[in-house]
file structure.csv (CSV, C-alpha atoms)
chain,number,residue,atom,x,y,z
A,718,MET,CA,-38.3,-155.3,70.4
A,719,LYS,CA,-34.6,-154.5,70.5
A,720,ARG,CA,-35.3,-152.1,73.4
A,721,LEU,CA,-37.3,-154.7,75.2
A,722,LYS,CA,-34.5,-157.2,74.8
A,723,SER,CA,-31.9,-154.7,76.2
A,724,ILE,CA,-34.2,-153.9,79.2
A,725,GLY,CA,-34.6,-157.6,79.9
A,726,ALA,CA,-30.8,-158.1,79.6
A,727,PHE,CA,-30.2,-155.2,82.0
A,728,TRP,CA,-32.5,-156.6,84.7
A,729,TYR,CA,-31.1,-160.1,84.2
A,730,ASP,CA,-27.6,-158.8,84.7
A,731,PHE,CA,-28.7,-156.6,87.6
A,732,VAL,CA,-30.3,-159.3,89.7
A,733,VAL,CA,-28.8,-162.6,88.5
A,734,GLY,CA,-25.3,-161.4,87.5
A,735,ASP,CA,-22.4,-163.4,86.3
A,736,ASP,CA,-23.6,-166.9,87.4
A,737,TRP,CA,-27.2,-167.9,86.9
A,738,ARG,CA,-26.5,-171.2,88.8
A,739,VAL,CA,-26.4,-169.3,92.1
A,740,ALA,CA,-29.9,-168.0,91.5
A,741,VAL,CA,-31.2,-171.4,90.6
A,742,VAL,CA,-29.7,-173.0,93.7
A,743,VAL,CA,-31.2,-170.3,96.0
A,744,VAL,CA,-34.7,-170.6,94.4
A,745,ALA,CA,-34.6,-174.4,94.5
A,746,ALA,CA,-33.4,-174.4,98.1
A,747,LEU,CA,-36.3,-172.1,99.1
A,748,ALA,CA,-38.8,-174.3,97.3
A,749,LEU,CA,-37.4,-177.4,99.1
A,750,THR,CA,-37.5,-175.6,102.4
A,751,ALA,CA,-41.1,-174.7,101.9
A,752,LEU,CA,-41.9,-178.3,100.9
A,753,LEU,CA,-40.1,-179.7,104.0
A,754,VAL,CA,-41.8,-177.2,106.4
A,755,HIS,CA,-45.4,-177.4,105.0
A,756,ALA,CA,-45.6,-181.0,103.7
A,757,ALA,CA,-43.3,-182.9,106.0
A,758,GLY,CA,-43.5,-180.7,109.1
A,759,VAL,CA,-39.6,-180.4,109.3
A,760,ASN,CA,-38.4,-177.0,110.5
A,761,ALA,CA,-35.5,-176.9,107.9
A,762,TRP,CA,-34.0,-173.6,108.9
A,763,TRP,CA,-30.5,-175.0,108.2
A,764,LEU,CA,-31.2,-175.9,104.5
A,765,LEU,CA,-31.0,-172.5,102.9
A,766,PRO,CA,-27.7,-171.4,104.6
A,767,VAL,CA,-26.1,-174.7,103.7
A,768,CYS,CA,-27.2,-174.3,100.0
A,769,VAL,CA,-26.1,-170.6,100.0
A,770,PHE,CA,-22.6,-171.5,101.1
A,771,ALA,CA,-22.4,-174.4,98.7
A,772,ALA,CA,-23.6,-172.2,95.8
A,773,LEU,CA,-21.0,-169.6,96.6
A,774,GLY,CA,-18.2,-172.1,96.8
A,775,TRP,CA,-19.3,-173.8,93.6
A,776,SER,CA,-19.5,-170.5,91.7
A,777,LEU,CA,-16.1,-169.4,93.0
A,778,ARG,CA,-14.6,-172.8,92.1
A,779,ARG,CA,-15.9,-172.4,88.5
A,780,ALA,CA,-14.6,-168.9,88.3
A,781,THR,CA,-11.1,-169.7,89.5
A,782,ARG,CA,-10.6,-172.9,87.7
B,1121,MET,CA,-34.6,-155.6,115.8
B,1122,THR,CA,-33.3,-152.0,115.9
B,1123,ALA,CA,-33.0,-149.8,112.8
B,1124,LEU,CA,-29.2,-149.5,113.2
B,1125,PRO,CA,-28.1,-152.6,111.1
B,1126,LEU,CA,-30.6,-151.4,108.4
B,1127,ILE,CA,-29.2,-147.9,108.3
B,1128,LEU,CA,-25.6,-149.0,108.4
B,1129,THR,CA,-26.0,-151.6,105.6
B,1130,VAL,CA,-27.8,-149.1,103.4
B,1131,PHE,CA,-25.2,-146.4,104.3
B,1132,VAL,CA,-22.2,-148.5,103.3
B,1133,ALA,CA,-23.9,-149.9,100.1
B,1134,CYS,CA,-25.0,-146.4,99.1
B,1135,ALA,CA,-21.5,-144.9,99.8
B,1136,VAL,CA,-19.8,-147.5,97.5
B,1137,GLU,CA,-22.2,-146.7,94.6
B,1138,ALA,CA,-22.1,-143.0,95.3
B,1139,VAL,CA,-18.3,-143.0,95.0
B,1140,GLU,CA,-18.6,-144.7,91.6
B,1141,ALA,CA,-21.3,-142.2,90.5
B,1142,LEU,CA,-19.1,-139.3,91.8
B,1143,THR,CA,-16.2,-140.4,89.5
B,1144,ILE,CA,-18.5,-140.1,86.4
B,1145,VAL,CA,-20.0,-136.8,87.6
B,1146,LEU,CA,-16.6,-135.3,88.2
B,1147,ALA,CA,-15.3,-136.5,84.8
B,1148,SER,CA,-18.3,-134.9,83.1
B,1149,GLY,CA,-18.3,-131.7,85.1
B,1150,LEU,CA,-14.6,-130.9,85.0
B,1151,THR,CA,-14.1,-131.9,81.4
B,1152,ARG,CA,-17.4,-130.7,79.8
B,1153,GLU,CA,-19.7,-128.4,81.6
B,1154,TRP,CA,-21.0,-128.2,85.2
B,1155,ARG,CA,-24.5,-126.8,84.5
B,1156,SER,CA,-25.5,-129.7,82.2
B,1157,THR,CA,-23.8,-132.2,84.5
B,1158,PHE,CA,-25.8,-131.0,87.5
B,1159,GLN,CA,-29.0,-131.1,85.4
B,1160,GLY,CA,-28.3,-134.7,84.4
B,1161,MET,CA,-27.5,-135.6,88.1
B,1162,ALA,CA,-30.7,-133.9,89.3
B,1163,ALA,CA,-32.9,-135.6,86.7
B,1164,ALA,CA,-31.5,-139.0,87.7
B,1165,LEU,CA,-32.0,-138.3,91.4
B,1166,VAL,CA,-35.6,-137.3,90.7
B,1167,VAL,CA,-36.2,-140.6,88.8
B,1168,LEU,CA,-34.6,-142.6,91.7
B,1169,ALA,CA,-36.7,-140.7,94.3
B,1170,VAL,CA,-39.9,-141.4,92.3
B,1171,VAL,CA,-39.0,-145.1,92.1
B,1172,VAL,CA,-38.6,-145.3,95.9
B,1173,ALA,CA,-41.7,-143.2,96.5
B,1174,VAL,CA,-43.9,-145.4,94.2
B,1175,LEU,CA,-42.4,-148.9,94.8
B,1176,GLY,CA,-41.6,-148.6,98.5
B,1177,PRO,CA,-45.2,-148.0,99.8
B,1178,THR,CA,-46.7,-150.4,97.2
B,1179,ILE,CA,-44.4,-153.3,98.2
B,1180,THR,CA,-45.2,-152.8,101.9
B,1181,LEU,CA,-48.9,-153.5,101.1
B,1182,LEU,CA,-48.0,-157.1,100.3
B,1183,PRO,CA,-48.5,-159.8,103.0
B,1184,LEU,CA,-45.3,-160.1,105.1
B,1185,THR,CA,-44.7,-163.8,104.4
B,1186,ALA,CA,-44.9,-163.5,100.6
B,1187,LEU,CA,-42.8,-160.3,100.8
B,1188,ARG,CA,-40.1,-162.1,102.8
B,1189,LEU,CA,-40.0,-165.1,100.5
B,1190,VAL,CA,-39.7,-163.0,97.3
B,1191,ILE,CA,-37.5,-160.3,98.7
B,1192,GLY,CA,-35.4,-162.7,100.7
B,1193,ALA,CA,-34.7,-164.7,97.5
B,1194,LEU,CA,-33.8,-161.6,95.6
B,1195,LEU,CA,-31.6,-160.3,98.4
B,1196,ALA,CA,-29.8,-163.6,98.8
B,1197,ILE,CA,-29.1,-163.8,95.0
B,1198,PHE,CA,-28.1,-160.1,94.9
B,1199,GLY,CA,-25.9,-160.4,98.0
B,1200,LEU,CA,-24.1,-163.6,96.7
B,1201,GLN,CA,-23.4,-161.7,93.5
B,1202,TRP,CA,-21.7,-158.9,95.5
B,1203,LEU,CA,-19.9,-161.4,97.7
B,1204,ARG,CA,-18.7,-163.5,94.7
B,1205,LYS,CA,-17.3,-160.4,93.0
B,1206,ALA,CA,-15.7,-159.1,96.2
B,1207,ILE,CA,-14.0,-162.5,96.9
B,1208,LEU,CA,-12.8,-162.7,93.3
B,1209,ARG,CA,-11.3,-159.2,93.6
B,1210,ALA,CA,-9.7,-159.9,97.0
B,1211,THR,CA,-8.1,-163.1,95.7
B,1212,GLY,CA,-6.9,-161.3,92.5
B,1213,TYR,CA,-9.0,-163.2,90.0
B,1214,LYS,CA,-10.8,-160.1,89.1
B,1215,ALA,CA,-9.3,-156.6,88.7
B,1216,LEU,CA,-10.0,-154.2,91.6
B,1217,HIS,CA,-12.2,-151.3,90.8
B,1218,ASP,CA,-9.9,-148.4,90.3
B,1219,GLU,CA,-11.6,-145.0,90.6
B,1220,ALA,CA,-8.5,-143.2,89.3
B,1221,SER,CA,-8.3,-145.2,86.0
B,1222,ALA,CA,-12.1,-145.2,85.6
B,1223,TYR,CA,-11.9,-141.4,85.9
B,1224,LEU,CA,-9.2,-141.1,83.3
B,1225,ARG,CA,-11.2,-143.4,80.9
B,1226,GLU,CA,-14.3,-141.2,81.3
B,1227,VAL,CA,-12.3,-138.0,80.8
B,1228,ALA,CA,-10.7,-139.3,77.6
B,1229,ALA,CA,-14.2,-140.2,76.2
B,1230,ALA,CA,-15.7,-136.9,77.3
B,1231,LYS,CA,-12.9,-134.9,75.6
B,1232,GLN,CA,-13.6,-136.6,72.3
B,1233,ALA,CA,-17.4,-136.2,72.2
B,1234,PRO,CA,-18.7,-133.2,70.2
B,1235,VAL,CA,-20.8,-130.5,72.0
B,1236,SER,CA,-24.5,-130.3,71.0
B,1237,SER,CA,-27.5,-128.7,72.7
B,1238,ARG,CA,-30.9,-130.5,73.0
B,1239,HIS,CA,-34.2,-129.8,74.8
B,1240,GLY,CA,-32.7,-126.7,76.4
B,1241,ILE,CA,-29.7,-128.6,77.8
B,1242,GLY,CA,-26.4,-126.8,76.9
B,1243,ASP,CA,-24.2,-129.9,76.6
B,1244,TRP,CA,-26.2,-133.1,75.9
B,1245,TYR,CA,-23.2,-135.4,76.3
B,1246,ALA,CA,-22.5,-134.0,79.8
B,1247,PHE,CA,-26.2,-134.4,80.7
B,1248,THR,CA,-26.6,-138.0,79.5
B,1249,LEU,CA,-23.2,-139.0,81.0
B,1250,SER,CA,-24.0,-137.8,84.4
B,1251,PHE,CA,-27.7,-138.9,84.2
B,1252,LYS,CA,-26.8,-142.5,83.2
B,1253,GLY,CA,-24.0,-142.7,85.8
B,1254,VAL,CA,-26.1,-141.6,88.7
B,1255,LEU,CA,-29.2,-143.6,87.6
B,1256,LEU,CA,-27.4,-146.9,87.0
B,1257,GLU,CA,-25.3,-146.7,90.2
B,1258,GLY,CA,-28.4,-145.5,92.1
B,1259,LEU,CA,-30.6,-148.3,91.0
B,1260,GLU,CA,-28.6,-150.8,93.1
B,1261,VAL,CA,-29.1,-148.5,96.1
B,1262,VAL,CA,-32.8,-148.2,95.4
B,1263,PHE,CA,-33.1,-152.0,95.3
B,1264,ILE,CA,-31.4,-152.3,98.7
B,1265,VAL,CA,-33.4,-149.4,100.2
B,1266,ILE,CA,-36.7,-150.8,99.1
B,1267,THR,CA,-36.0,-154.5,99.9
B,1268,PHE,CA,-34.5,-153.7,103.3
B,1269,GLY,CA,-36.9,-150.9,104.2
B,1270,ALA,CA,-40.0,-152.9,103.1
B,1271,ASN,CA,-39.0,-156.1,105.0
B,1272,GLN,CA,-38.2,-154.2,108.1
B,1273,ARG,CA,-41.3,-152.1,107.6
B,1274,ASN,CA,-39.0,-149.1,108.1
B,1275,LEU,CA,-38.5,-147.5,104.7
B,1276,GLY,CA,-37.7,-144.1,106.4
B,1277,ALA,CA,-34.6,-145.5,108.1
B,1278,ALA,CA,-33.4,-147.0,104.9
B,1279,VAL,CA,-33.8,-143.7,103.1
B,1280,ILE,CA,-32.0,-141.9,105.9
B,1281,GLY,CA,-29.0,-144.3,105.5
B,1282,ALA,CA,-28.9,-143.7,101.7
B,1283,ALA,CA,-29.3,-140.0,102.0
B,1284,ALA,CA,-26.5,-139.7,104.6
B,1285,ALA,CA,-24.2,-141.7,102.4
B,1286,VAL,CA,-24.9,-139.5,99.3
B,1287,LEU,CA,-24.4,-136.4,101.5
B,1288,VAL,CA,-21.0,-137.6,102.9
B,1289,VAL,CA,-19.7,-138.7,99.5
B,1290,THR,CA,-20.9,-135.5,97.7
B,1291,VAL,CA,-19.4,-133.2,100.3
B,1292,THR,CA,-16.1,-135.1,100.3
B,1293,GLY,CA,-16.1,-135.1,96.5
B,1294,ILE,CA,-16.7,-131.3,96.3
B,1295,THR,CA,-14.0,-130.7,98.9
B,1296,VAL,CA,-11.4,-133.0,97.3
B,1297,ARG,CA,-12.5,-132.3,93.6
B,1298,ALA,CA,-11.0,-135.6,92.6
B,1299,PRO,CA,-12.2,-139.3,92.4
B,1300,LEU,CA,-12.2,-140.9,95.8
B,1301,ALA,CA,-9.6,-143.5,94.9
B,1302,ARG,CA,-8.6,-144.2,98.5
B,1303,VAL,CA,-12.0,-145.4,99.6
B,1304,PRO,CA,-11.7,-149.2,100.3
B,1305,GLU,CA,-14.4,-150.1,97.9
B,1306,ASN,CA,-13.8,-153.8,97.8
B,1307,ALA,CA,-13.8,-154.2,101.6
B,1308,MET,CA,-17.1,-152.2,101.7
B,1309,LYS,CA,-18.6,-154.4,99.0
B,1310,PHE,CA,-17.5,-157.4,100.9
B,1311,ALA,CA,-19.2,-156.2,104.0
B,1312,VAL,CA,-22.4,-155.3,102.2
B,1313,GLY,CA,-22.4,-158.7,100.4
B,1314,ILE,CA,-22.2,-160.4,103.8
B,1315,MET,CA,-25.2,-158.3,105.1
B,1316,LEU,CA,-27.3,-158.8,102.0
B,1317,THR,CA,-26.7,-162.5,101.9
B,1318,SER,CA,-27.4,-162.9,105.6
B,1319,PHE,CA,-30.6,-160.9,105.6
B,1320,GLY,CA,-31.7,-162.5,102.4
B,1321,THR,CA,-31.2,-166.0,103.8
B,1322,PHE,CA,-32.9,-165.1,107.0
B,1323,TRP,CA,-36.0,-163.5,105.4
B,1324,GLY,CA,-36.2,-166.0,102.5
B,1325,ALA,CA,-36.2,-169.0,104.9
B,1326,GLU,CA,-38.8,-167.2,107.1
B,1327,GLY,CA,-41.0,-166.6,104.1
B,1328,ALA,CA,-40.7,-170.3,103.2
B,1329,GLY,CA,-42.2,-171.1,106.7
B,1330,VAL,CA,-39.1,-171.7,108.8
B,1331,ALA,CA,-39.0,-170.7,112.5
B,1332,TRP,CA,-35.4,-169.7,113.2
B,1333,PRO,CA,-34.0,-170.8,116.5
B,1334,GLY,CA,-34.0,-167.7,118.7
B,1335,ASN,CA,-36.1,-165.8,116.2
B,1336,ASP,CA,-34.4,-162.5,115.3
B,1337,ALA,CA,-31.4,-163.3,117.5
B,1338,ALA,CA,-30.5,-165.9,114.9
B,1339,LEU,CA,-29.2,-163.1,112.7
B,1340,LEU,CA,-26.5,-162.4,115.4
B,1341,VAL,CA,-25.1,-165.9,114.6
B,1342,LEU,CA,-25.9,-165.9,110.8
B,1343,VAL,CA,-24.1,-162.7,110.0
B,1344,PRO,CA,-20.7,-163.8,111.6
B,1345,VAL,CA,-21.1,-167.3,110.1
B,1346,VAL,CA,-21.6,-165.8,106.6
B,1347,ALA,CA,-18.6,-163.5,107.2
B,1348,LEU,CA,-16.4,-166.5,108.3
B,1349,VAL,CA,-17.4,-168.6,105.3
B,1350,ALA,CA,-16.7,-165.7,102.9
B,1351,LEU,CA,-13.3,-165.1,104.6
B,1352,GLY,CA,-12.6,-168.8,104.4
B,1353,TYR,CA,-13.4,-168.9,100.7
B,1354,THR,CA,-11.1,-165.9,100.2
B,1355,TYR,CA,-8.3,-167.8,101.9
B,1356,TRP,CA,-9.1,-171.1,100.2
B,1357,PHE,CA,-9.4,-169.7,96.6
B,1358,ARG,CA,-6.3,-167.4,96.8
B,1359,PRO,CA,-3.7,-168.3,94.1
B,1360,ARG,CA,-1.0,-170.4,95.6
B,1361,PRO,CA,2.7,-169.8,94.7
B,1362,GLY,CA,3.7,-172.1,91.9
B,1363,SER,CA,0.2,-172.8,90.6
B,1364,GLY,CA,-0.9,-171.7,87.2
B,1365,ALA,CA,-3.7,-169.7,88.8
B,1366,GLU,CA,-1.3,-167.2,90.2
B,1367,ALA,CA,0.0,-166.2,86.8
B,1368,ARG,CA,-3.6,-166.1,85.4
B,1369,SER,CA,-4.8,-163.9,88.3
B,1370,SER,CA,-2.0,-161.4,87.9
B,1371,GLU,CA,-2.8,-161.1,84.2
B,1372,GLN,CA,-6.4,-160.4,85.0
B,1373,VAL,CA,-5.6,-157.8,87.7
B,1374,VAL,CA,-3.8,-155.5,85.3
B,1375,SER,CA,-6.5,-155.8,82.6
B,1376,PRO,CA,-9.0,-152.9,82.5
call {"tool": "encode", "arguments": {"input": "structure.csv", "output": "structure tokens"}}
result
Amino acid sequence: MKRLKSIGAFWYDFVVGDDWRVAVVVVAALALTALLVHAAGVNAWWLLPVCVFAALGWSLRRATR
Amino acid sequence: MTALPLILTVFVACAVEAVEALTIVLASGLTREWRSTFQGMAAALVVLAVVVAVLGPTITLLPLTALRLVIGALLAIFGLQWLRKAILRATGYKALHDEASAYLREVAAAKQAPVSSRHGIGDWYAFTLSFKGVLLEGLEVVFIVITFGANQRNLGAAVIGAAAAVLVVTVTGITVRAPLARVPENAMKFAVGIMLTSFGTFWGAEGAGVAWPGNDAALLVLVPVVALVALGYTYWFRPRPGSGAEARSSEQVVSP
């Protein structure tokens, strides 16, 4: 159990890193993009880059405050 | 799209990680014993090669849309992590990675550990130190090789980029016989972070069903825009004279 936990912690740290909010924003932005494209017929190519830049800025702001 | 951006991105990412692994291998080999160090390094390289050989072809069997969505998301998250760290280091809020001091720390720890033989390995400490160092640094490279290679349907080019970087760093390390402290690691991580974030954003959005204006040519705009935004954040978040942040950042820089 302890080994499983440490393996899980390693992979979490490996992919998600220091700020889990960045990962949440990227996943949410992708879900919203898919929804806009497939449900509303909007070619929302701009949404993910905007969210990525915002997530990076937000994360840096939190880290430097 | 040509294989050149793929090879270059993997080469730079791999070179950065190889420099960090080299520091550990040198500390182990020069302080403990070379034979066990090389055995640990070789065992880690075999594990990494098996991971690429098994996961690489398996991942390419997935449908391209699903692959781009999942891998794009992972790459964007992974790239933002690199970029965030590189910007925090460039602005002074996080200490720069210093190979010389990392080497001294590893040497001090290696000198204190007792010598013991296990499973036919002369110095178990040297073996595990070099095995862990190469494996952990190598996993990031494997992640980039597999995600980039699978998405571009060109795993071979990604492997060439990684192998070339390992070769260059190894030969330089053997020649110099010292940690490669002069390599501009943060600048390289900054560049790799830009590439990973750009490609992750591009592929992730494509996987979500987006049609980029200009198709693949959109990357020629996206990469410079990500670079400009990252440079802008570096300027924006730098500690300003007279602010409390300046003192805080200088304290953090000198901490190990």
call {"tool": "closest_atom_pairs", "arguments": {"input": "structure.csv", "of": "chain B", "to": "chain A", "cutoff": "6 Å", "atoms": "only C-alpha atoms", "output": "Markdown table"}}
result
| residue | atom | partner | partner_atom | distance |
| --- | --- | --- | --- | --- |
| B:Ile1197 | CA | A:Ala740 | CA | 5.5 |
| B:Phe1198 | CA | A:Val732 | CA | 5.7 |
| B:Ala1328 | CA | A:Ala751 | CA | 4.6 |
| B:Val1330 | CA | A:Trp762 | CA | 5.4 |
| B:Trp1332 | CA | A:Trp762 | CA | 6.0 |
call {"tool": "residues_near_point", "arguments": {"input": "structure.csv", "point": "(-23.1, -160.7, 104.7)", "cutoff": "12 Å", "atoms": "all atoms listed in the file", "output": "PyMOL selection string"}}
result
(chain A and resi 766+769-770) or (chain B and resi 1125+1129+1133+1195-1204+1206+1307-1322+1339-1351)
call {"tool": "atom_distance", "arguments": {"input": "structure.csv", "atom1": "CA of Pro1183 (chain B)", "atom2": "CA of Tyr729 (chain A)"}}
result
25.6 Å
call {"tool": "atom_distance", "arguments": {"input": "structure.csv", "atom1": "CA of Ile1241 (chain B)", "atom2": "CA of Ser1156 (chain B)"}}
result
6.2 Å
call {"tool": "residues_around", "arguments": {"input": "structure.csv", "residues": "Ala1123 (chain B)", "least_positions_apart": "4", "cutoff": "12 Å", "atoms": "all atoms listed in the file", "output": "PyMOL selection string"}}
result
chain B and resi 1127-1130+1268-1269+1271-1281
call {"tool": "atom_distance", "arguments": {"input": "structure.csv", "atom1": "CA of Ala1337 (chain B)", "atom2": "CA of Thr1180 (chain B)"}}
result
23.3 Å
call {"tool": "residues_around", "arguments": {"input": "structure.csv", "residues": "region 1248-1255 of chain B", "least_positions_apart": "2", "cutoff": "7 Å", "atoms": "all atoms listed in the file", "output": "MDAnalysis selection string"}}
result
chainID B and resid 1141 1144:1145 1148 1157 1160:1161 1163:1164 1168 1244:1246 1257:1259
call {"tool": "decode", "arguments": {"input": "structure.csv", "residues": "region 742-762 of chain A", "atoms": "N, CA and C atoms", "output": "JSON list (two decimals), in the first residue's frame"}}
result
[["chain", "number", "residue", "atom", "x", "y", "z"],
["A", 742, "VAL", "N", -7.23, 23.60, -15.43],
["A", 742, "VAL", "CA", -7.61, 24.58, -16.46],
["A", 742, "VAL", "C", -7.45, 23.99, -17.86],
["A", 743, "VAL", "N", -6.33, 23.28, -18.09],
["A", 743, "VAL", "CA", -6.09, 22.70, -19.43],
["A", 743, "VAL", "C", -7.17, 21.67, -19.76],
["A", 744, "VAL", "N", -7.48, 20.78, -18.81],
["A", 744, "VAL", "CA", -8.49, 19.74, -19.06],
["A", 744, "VAL", "C", -9.87, 20.37, -19.26],
["A", 745, "ALA", "N", -10.22, 21.35, -18.44],
["A", 745, "ALA", "CA", -11.53, 22.02, -18.57],
["A", 745, "ALA", "C", -11.62, 22.75, -19.91],
["A", 746, "ALA", "N", -10.53, 23.40, -20.31],
["A", 746, "ALA", "CA", -10.52, 24.15, -21.58],
["A", 746, "ALA", "C", -10.70, 23.20, -22.76],
["A", 747, "LEU", "N", -10.07, 22.01, -22.67],
["A", 747, "LEU", "CA", -10.22, 21.03, -23.76],
["A", 747, "LEU", "C", -11.66, 20.51, -23.81],
["A", 748, "ALA", "N", -12.25, 20.27, -22.65],
["A", 748, "ALA", "CA", -13.63, 19.78, -22.60],
["A", 748, "ALA", "C", -14.58, 20.83, -23.19],
["A", 749, "LEU", "N", -14.36, 22.09, -22.84],
["A", 749, "LEU", "CA", -15.20, 23.18, -23.34],
["A", 749, "LEU", "C", -15.02, 23.34, -24.85],
["A", 750, "THR", "N", -13.77, 23.20, -25.31],
["A", 750, "THR", "CA", -13.49, 23.29, -26.75],
["A", 750, "THR", "C", -14.26, 22.21, -27.50],
["A", 751, "ALA", "N", -14.19, 20.97, -26.99],
["A", 751, "ALA", "CA", -14.88, 19.85, -27.63],
["A", 751, "ALA", "C", -16.38, 20.10, -27.66],
["A", 752, "LEU", "N", -16.90, 20.64, -26.57],
["A", 752, "LEU", "CA", -18.34, 20.94, -26.48],
["A", 752, "LEU", "C", -18.74, 21.99, -27.52],
["A", 753, "LEU", "N", -17.94, 23.06, -27.60],
["A", 753, "LEU", "CA", -18.24, 24.13, -28.55],
["A", 753, "LEU", "C", -18.19, 23.62, -30.00],
["A", 754, "VAL", "N", -17.18, 22.79, -30.28],
["A", 754, "VAL", "CA", -17.01, 22.29, -31.65],
["A", 754, "VAL", "C", -18.15, 21.34, -32.02],
["A", 755, "HIS", "N", -18.39, 20.35, -31.15],
["A", 755, "HIS", "CA", -19.32, 19.29, -31.52],
["A", 755, "HIS", "C", -20.79, 19.63, -31.24],
["A", 756, "ALA", "N", -21.05, 20.41, -30.19],
["A", 756, "ALA", "CA", -22.45, 20.69, -29.84],
["A", 756, "ALA", "C", -22.95, 22.00, -30.44],
["A", 757, "ALA", "N", -22.06, 23.00, -30.51],
["A", 757, "ALA", "CA", -22.51, 24.31, -31.00],
["A", 757, "ALA", "C", -21.99, 24.64, -32.40],
["A", 758, "GLY", "N", -21.10, 23.79, -32.90],
["A", 758, "GLY", "CA", -20.58, 24.02, -34.25],
["A", 758, "GLY", "C", -19.64, 25.22, -34.35],
["A", 759, "VAL", "N", -19.02, 25.61, -33.22],
["A", 759, "VAL", "CA", -18.08, 26.74, -33.22],
["A", 759, "VAL", "C", -16.65, 26.20, -33.31],
["A", 760, "ASN", "N", -15.88, 26.68, -34.27],
["A", 760, "ASN", "CA", -14.49, 26.24, -34.41],
["A", 760, "ASN", "C", -13.62, 27.04, -33.42],
["A", 761, "ALA", "N", -13.65, 26.62, -32.15],
["A", 761, "ALA", "CA", -13.04, 27.43, -31.07],
["A", 761, "ALA", "C", -11.55, 27.13, -30.92],
["A", 762, "TRP", "N", -10.77, 27.35, -31.99],
["A", 762, "TRP", "CA", -9.33, 27.08, -31.95],
["A", 762, "TRP", "C", -8.59, 28.02, -31.00]]
